[in-house]
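Shown here: entry-v3.txt, compact mmCIF, C-alpha atoms.
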```txt
# COMPACT_ATOMS: atom_id res chain seq x y z
CA MET A 77 207.72 3.65 102.44
CA GLU A 78 210.24 2.36 104.96
CA HIS A 79 208.88 1.27 108.33
CA ILE A 80 210.76 2.88 111.21
CA LYS A 81 210.40 1.22 114.60
CA LYS A 82 209.96 3.69 117.47
CA TRP A 83 210.34 2.57 121.05
CA ASN A 84 208.72 4.10 124.10
CA PRO A 85 211.37 6.11 126.03
CA ARG A 86 210.48 4.32 129.27
CA TYR A 87 210.87 0.95 127.57
CA LEU A 88 214.28 2.10 126.36
CA ALA A 89 215.25 2.94 129.97
CA TYR A 90 214.14 -0.59 130.95
CA CYS A 91 216.36 -2.00 128.19
CA ARG A 92 219.32 0.13 129.31
CA ALA A 93 218.77 -1.02 132.90
CA ASN A 94 219.07 -4.62 131.67
CA HIS A 95 221.95 -3.83 129.27
CA TYR A 96 220.13 -5.02 126.15
CA GLU A 97 219.10 -3.46 122.88
CA PRO A 98 215.29 -3.19 122.55
CA ASP A 99 214.92 -6.04 120.03
CA VAL A 100 216.99 -8.36 122.23
CA GLN A 101 215.09 -7.36 125.39
CA ASN A 102 211.82 -7.92 123.57
CA ALA A 103 212.90 -11.43 122.53
CA ILE A 104 214.04 -12.24 126.08
CA ASP A 105 210.74 -11.03 127.55
CA ARG A 106 208.70 -12.97 124.99
CA LYS A 107 210.50 -16.14 126.09
CA GLN A 108 210.38 -15.37 129.83
CA TYR A 109 206.74 -14.18 129.83
CA PRO A 110 205.06 -16.08 126.96
CA GLY A 111 201.53 -15.18 128.04
CA GLY A 112 202.26 -11.47 128.44
CA PHE A 113 205.60 -10.37 127.11
CA MET A 114 205.32 -6.85 128.56
CA THR A 115 205.15 -8.22 132.13
CA GLY A 116 208.84 -7.61 132.81
CA PHE A 117 208.59 -4.00 131.71
CA ILE A 118 205.37 -3.41 133.65
CA LEU A 119 206.88 -4.79 136.86
CA TRP A 120 210.06 -2.76 136.35
CA ASN A 121 208.07 0.41 135.59
CA ASN A 122 205.84 -0.01 138.66
CA LEU A 123 208.91 -0.49 140.85
CA HIS A 124 210.51 2.65 139.42
CA TRP A 125 207.34 4.70 139.94
CA ALA A 126 207.52 3.66 143.60
CA LEU A 127 211.22 4.56 143.81
CA PHE A 128 210.52 7.90 142.12
CA PHE A 129 207.75 8.86 144.56
CA LYS A 130 209.84 7.78 147.54
CA GLU A 131 212.92 9.70 146.40
CA VAL A 132 211.25 12.84 145.02
CA TYR A 133 208.17 13.23 147.24
CA GLY A 134 208.91 11.02 150.24
CA ILE A 135 205.70 9.07 149.54
CA ASP A 136 205.62 5.33 150.27
CA ASN A 137 202.23 4.55 148.75
CA TYR A 138 201.87 6.42 145.48
CA LYS A 139 198.88 4.46 144.14
CA ASP A 140 196.38 7.13 145.20
CA TYR A 141 198.53 10.03 143.98
CA VAL A 142 197.17 11.75 140.87
CA LYS A 143 199.93 11.87 138.27
CA GLY A 144 199.74 14.99 136.13
CA GLU A 145 201.78 15.99 133.11
CA ASP A 146 204.49 17.58 135.27
CA THR A 147 204.82 14.41 137.33
CA HIS A 148 205.27 12.34 134.17
CA LYS A 149 207.98 14.71 132.95
CA GLN A 150 209.74 14.49 136.31
CA TYR A 151 209.51 10.70 136.17
CA ASP A 152 211.00 10.60 132.68
CA ASN A 153 213.89 12.79 133.89
CA PHE A 154 214.30 10.50 136.91
CA LEU A 155 214.68 7.51 134.56
CA LEU A 156 217.14 9.40 132.37
CA HIS A 157 219.19 10.27 135.43
CA TYR A 158 219.57 6.61 136.44
CA TYR A 159 219.59 5.13 132.92
CA PRO A 160 221.12 7.78 130.62
CA GLU A 161 221.03 7.48 126.87
CA SER A 162 224.32 6.51 125.25
```
Let's see the structure in the file written out as structure tokens.
Amino acid sequence: MEHIKKWNPRYLAYCRANHYEPDVQNAIDRKQYPGGFMTGFILWNNLHWALFFKEVYGIDNYKDYVKGEDTHKQYDNFLLHYYPES
């Protein structure tokens, strides 16, 4: 059986934001963050959650906001708006 690599859609938006294919971005992050190669993505994702809440809800501090399924869908659409798939 052939192994098919699937990437998280949010990770793919991070890759598009940096103009790299996922395997290349992964290699870059492993070199830049050797003790925690997902650090770049986590920082980027946290920043974009903050931008999303500021733009969509006018909220500066979203940490206490409960994120439901609808909010996650809105966030995914927000990322697709700024980092569309090719």
Practice item. Could you give me, as number ranges by chain, the residues within 10 Å of His157 of chain A, counting only C-alpha atoms and dropping anything in the same chain fewer than 5 positions from it? Key: A: 89, 151-152
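The residue that comes closest to Ala126 of chain A, out of A:Tyr138, A:Tyr109, A:Val100, A:Ala93 and on the basis of all atoms listed in the file, is A:Tyr138.
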Give as a PDB file with C-alpha atoms, keeping the file's coordinate frame each residue that has an atom at most 12 Å from (208.7, 8.2, 143.9) in the file, counting only C-alpha atoms.
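Output file point_31.pdb follows:
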```
ATOM      1  CA  ASN A 121     208.070   0.410 135.590  1.00  0.00           C
ATOM      2  CA  ASN A 122     205.840  -0.010 138.660  1.00  0.00           C
ATOM      3  CA  LEU A 123     208.910  -0.490 140.850  1.00  0.00           C
ATOM      4  CA  HIS A 124     210.510   2.650 139.420  1.00  0.00           C
ATOM      5  CA  TRP A 125     207.340   4.700 139.940  1.00  0.00           C
ATOM      6  CA  ALA A 126     207.520   3.660 143.600  1.00  0.00           C
ATOM      7  CA  LEU A 127     211.220   4.560 143.810  1.00  0.00           C
ATOM      8  CA  PHE A 128     210.520   7.900 142.120  1.00  0.00           C
ATOM      9  CA  PHE A 129     207.750   8.860 144.560  1.00  0.00           C
ATOM     10  CA  LYS A 130     209.840   7.780 147.540  1.00  0.00           C
ATOM     11  CA  GLU A 131     212.920   9.700 146.400  1.00  0.00           C
ATOM     12  CA  VAL A 132     211.250  12.840 145.020  1.00  0.00           C
ATOM     13  CA  TYR A 133     208.170  13.230 147.240  1.00  0.00           C
ATOM     14  CA  GLY A 134     208.910  11.020 150.240  1.00  0.00           C
ATOM     15  CA  ILE A 135     205.700   9.070 149.540  1.00  0.00           C
ATOM     16  CA  ASP A 136     205.620   5.330 150.270  1.00  0.00           C
ATOM     17  CA  ASN A 137     202.230   4.550 148.750  1.00  0.00           C
ATOM     18  CA  TYR A 138     201.870   6.420 145.480  1.00  0.00           C
ATOM     19  CA  LYS A 139     198.880   4.460 144.140  1.00  0.00           C
ATOM     20  CA  TYR A 141     198.530  10.030 143.980  1.00  0.00           C
ATOM     21  CA  LYS A 143     199.930  11.870 138.270  1.00  0.00           C
ATOM     22  CA  THR A 147     204.820  14.410 137.330  1.00  0.00           C
ATOM     23  CA  HIS A 148     205.270  12.340 134.170  1.00  0.00           C
ATOM     24  CA  GLN A 150     209.740  14.490 136.310  1.00  0.00           C
ATOM     25  CA  TYR A 151     209.510  10.700 136.170  1.00  0.00           C
ATOM     26  CA  ASP A 152     211.000  10.600 132.680  1.00  0.00           C
ATOM     27  CA  PHE A 154     214.300  10.500 136.910  1.00  0.00           C
ATOM     28  CA  LEU A 155     214.680   7.510 134.560  1.00  0.00           C
TER      29      LEU A 155
END
```
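Straight-line separation from atom CA of Tyr90 of chain A to atom CA of Ser162 of chain A: 13.7 Å.
If you measure from each of A:Asp146, A:Arg106, A:Gly116, A:Asp140 to Asn94 of chain A using only C-alpha atoms, the closest one turns out to be A:Gly116.
Between atom CA of Gln101 of chain A and atom CA of Gly144 of chain A lies a distance of 29.2 Å.
Note that the spacing between atom CA of Ala103 of chain A and atom CA of Tyr158 of chain A amounts to 23.7 Å.
Distance check against Glu97 of chain A using all atoms listed in the file: of A:Asn153, A:Val142, A:Trp83, A:Pro160, the minimum falls on A:Trp83.
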